[in-house]
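K.L.:
Let me give you the structure first, and then I'll get to my questions.
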Amino acid sequence: MRAWVLSGVCAGAVLAPGVAVAAPAPEADVALHGRAVMEEDRVEVRLTPYNSGPAVVTDATVRLRWSVALADDQELPARCVREDERTVLCGTGALAVDVAGDQLRLPVRLRERAAEVTLEIETAWNSGAVDKDRSNDRMRVLVLATGDSYAF
């Protein structure tokens with residue numbers, strides 16, 4: 001009798017019209033660490049993504065936005081694309097839990113030489129995972145044209 005009642009309850013839940021139960025989104029904590037160096041009209045960013053989990057991120061996209069326009073012609077890595085005159089989007093690839101992702105090396109040329117630029121970096125997409133701590137994947141870095149390395 002218990003099996004029959006349980007089956008009836010389950011069948012009623014499944015057959016109820018208009019009721020859909022969505023699976024909860026996975027949770028992951030993506031962090032971005034790296035450095036930026038500017039010399040003359042060139043800025044090089046080296047960025048390493050890291051996922052503290054608990055879920056694996058199958059792919060993520062990082063947005064890098066400069067405070068000044070980039071030169072029209074750029075030689076971007078294969079996993080990067082221009083979004084607009086100041087912004088580049090780059091894929092990270094899969095991010096396992098508690099393992100550093102592949103380092104991204106992004107050299108860009110500025111349209112004009114500048115004494116300094118502000119670089120904003122953030123995770124733009126992370127395969128639909130919920131990231132409750134956005135403090136470690138959104139940052140602003142002031143980069144001076146000194147040839148010094150500025151860490152983030």
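Residue numbers start at 1 in each chain; chains themselves are named A, B, ... in the order of the structure tokens; ligands are numbered from 1 in the order shown.
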Just the helix (DSSP H, G or I) stuff from chain A, please, per backbone DSSP, written as a PyMOL selection string.
P.N.:
chain A and resi 2-15+134-136
K.L.:
Taking 3 positions as the minimum chain separation for residues in the same chain, which residues sit within 6 Å of segment 139-141 of chain A when counting only C-alpha atoms? Answer as an MDAnalysis selection string.
P.N.:
chainID A and resid 118:121
K.L.:
For the residues selected in the previous step, produce a file with C-alpha atoms as an mmCIF file, in the first residue's frame.
P.N.:
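Written out: selection-v6.cif:
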```
data_model
loop_
_atom_site.group_PDB
_atom_site.id
_atom_site.type_symbol
_atom_site.label_atom_id
_atom_site.label_comp_id
_atom_site.auth_asym_id
_atom_site.auth_seq_id
_atom_site.Cartn_x
_atom_site.Cartn_y
_atom_site.Cartn_z
ATOM 1 C CA THR A 118 43.135 52.368 -15.999
ATOM 2 C CA LEU A 119 42.456 48.730 -16.787
ATOM 3 C CA GLU A 120 39.136 47.241 -15.640
ATOM 4 C CA ILE A 121 39.007 43.455 -15.490
#
```
K.L.:
Residues at most 9 Å from Gln103 of chain A, counting only C-alpha atoms, excluding those fewer than 6 positions away in the same chain, as a ChimeraX atom specification?
P.N.:
/A:34,46-49,92
K.L.:
Name the closest residue to Val30 of chain A among the candidates A:Asp98, A:Glu112, A:Asp148, A:Asp72; distances are taken between atoms, counting only C-alpha atoms.
P.N.:
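Between A:Asp98, A:Glu112, A:Asp148, A:Asp72, the residue approaching Val30 of chain A most closely is A:Asp98.
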K.L.:
So which one's closest to Gly147 of chain A, A:Glu116, A:Leu95, A:Val108, A:Gly101? Using only C-alpha atoms, please.
P.N.:
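Going through A:Glu116, A:Leu95, A:Val108, A:Gly101 one by one, the smallest distance to Gly147 of chain A is for A:Glu116.
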K.L.:
Just the residues within 7 Å of Cys80 of chain A, please, counting only C-alpha atoms, with nothing from its chain fewer than 4 positions along; format it as a list in words.
P.N.:
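With the cut-off at 7 Å, the set is Leu76, Val88, Leu89, Cys90 and Gly91 of chain A.
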K.L.:
Only all heavy atoms, please: the residues just picked out, written as a PDB file, in the first residue's frame.
P.N.:
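Contents of selection-v8.pdb, as written:
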```pdb
ATOM      1  N   LEU A  76      45.574  39.833 -31.589  1.00  0.00           N
ATOM      2  CA  LEU A  76      45.044  39.237 -30.373  1.00  0.00           C
ATOM      3  C   LEU A  76      45.219  37.725 -30.382  1.00  0.00           C
ATOM      4  O   LEU A  76      45.221  37.101 -31.444  1.00  0.00           O
ATOM      5  CB  LEU A  76      43.557  39.576 -30.230  1.00  0.00           C
ATOM      6  CG  LEU A  76      43.203  41.063 -30.158  1.00  0.00           C
ATOM      7  CD1 LEU A  76      41.685  41.230 -30.137  1.00  0.00           C
ATOM      8  CD2 LEU A  76      43.834  41.716 -28.938  1.00  0.00           C
ATOM      9  N   VAL A  88      38.320  44.234 -24.837  1.00  0.00           N
ATOM     10  CA  VAL A  88      38.633  42.929 -25.410  1.00  0.00           C
ATOM     11  C   VAL A  88      38.005  41.866 -24.514  1.00  0.00           C
ATOM     12  O   VAL A  88      38.050  41.973 -23.290  1.00  0.00           O
ATOM     13  CB  VAL A  88      40.166  42.711 -25.496  1.00  0.00           C
ATOM     14  CG1 VAL A  88      40.496  41.308 -25.971  1.00  0.00           C
ATOM     15  CG2 VAL A  88      40.809  43.745 -26.410  1.00  0.00           C
ATOM     16  N   LEU A  89      37.411  40.853 -25.133  1.00  0.00           N
ATOM     17  CA  LEU A  89      36.868  39.695 -24.427  1.00  0.00           C
ATOM     18  C   LEU A  89      37.753  38.496 -24.720  1.00  0.00           C
ATOM     19  O   LEU A  89      38.141  38.284 -25.873  1.00  0.00           O
ATOM     20  CB  LEU A  89      35.443  39.390 -24.894  1.00  0.00           C
ATOM     21  CG  LEU A  89      34.403  40.476 -24.655  1.00  0.00           C
ATOM     22  CD1 LEU A  89      33.123  40.156 -25.412  1.00  0.00           C
ATOM     23  CD2 LEU A  89      34.126  40.617 -23.172  1.00  0.00           C
ATOM     24  N   CYS A  90      38.062  37.709 -23.675  1.00  0.00           N
ATOM     25  CA  CYS A  90      38.907  36.532 -23.857  1.00  0.00           C
ATOM     26  C   CYS A  90      38.310  35.337 -23.133  1.00  0.00           C
ATOM     27  O   CYS A  90      37.878  35.453 -21.986  1.00  0.00           O
ATOM     28  CB  CYS A  90      40.308  36.779 -23.308  1.00  0.00           C
ATOM     29  SG  CYS A  90      41.224  38.070 -24.163  1.00  0.00           S
ATOM     30  N   GLY A  91      38.316  34.191 -23.797  1.00  0.00           N
ATOM     31  CA  GLY A  91      37.878  32.950 -23.180  1.00  0.00           C
ATOM     32  C   GLY A  91      38.989  32.362 -22.336  1.00  0.00           C
ATOM     33  O   GLY A  91      40.164  32.468 -22.672  1.00  0.00           O
TER      34      GLY A  91
END
```
K.L.:
Compare A:Val43, A:Ala31, A:Ala25, A:Ala94 by their minimum atom-to-atom distance to Thr123 of chain A, counting only C-alpha atoms, and give me the closest one.
P.N.:
A:Ala31
K.L.:
Using only C-alpha atoms for the distances, tell me which of A:Ser127, A:Ser135, A:Thr87, A:Ser149 is nearest to Thr58 of chain A.
P.N.:
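Closest candidate: A:Ser127.
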K.L.:
Mind checking DSSP for segment 5-139 of chain A and telling me the strand (DSSP E or B) residues as a ChimeraX atom specification?
P.N.:
/A:27,30-39,42-51,57,61-66,70,80-84,87-91,95,97,100,104-110,116-125,130,138-139
K.L.:
Nearest to Pro24 of chain A among A:Trp125, A:Val81, A:Val130, A:Arg109, with distances taken over only C-alpha atoms: which residue is it?
P.N.:
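Under the stated criterion, the closest residue is A:Val130.
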K.L.:
Using only C-alpha atoms, which residue out of A:Arg111, A:Lys132, A:His33, A:Arg105 lies closest to Trp66 of chain A?
P.N.:
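Ranking A:Arg111, A:Lys132, A:His33, A:Arg105 by distance to Trp66 of chain A, first place goes to A:Arg111.
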K.L.:
Could you please determine the separation between atom CA of Gly93 of chain A and atom CA of Asn136 of chain A in Å, to one decimal place?
P.N.:
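Spanning atom CA of Gly93 of chain A to atom CA of Asn136 of chain A is a straight-line distance of 18.4 Å.
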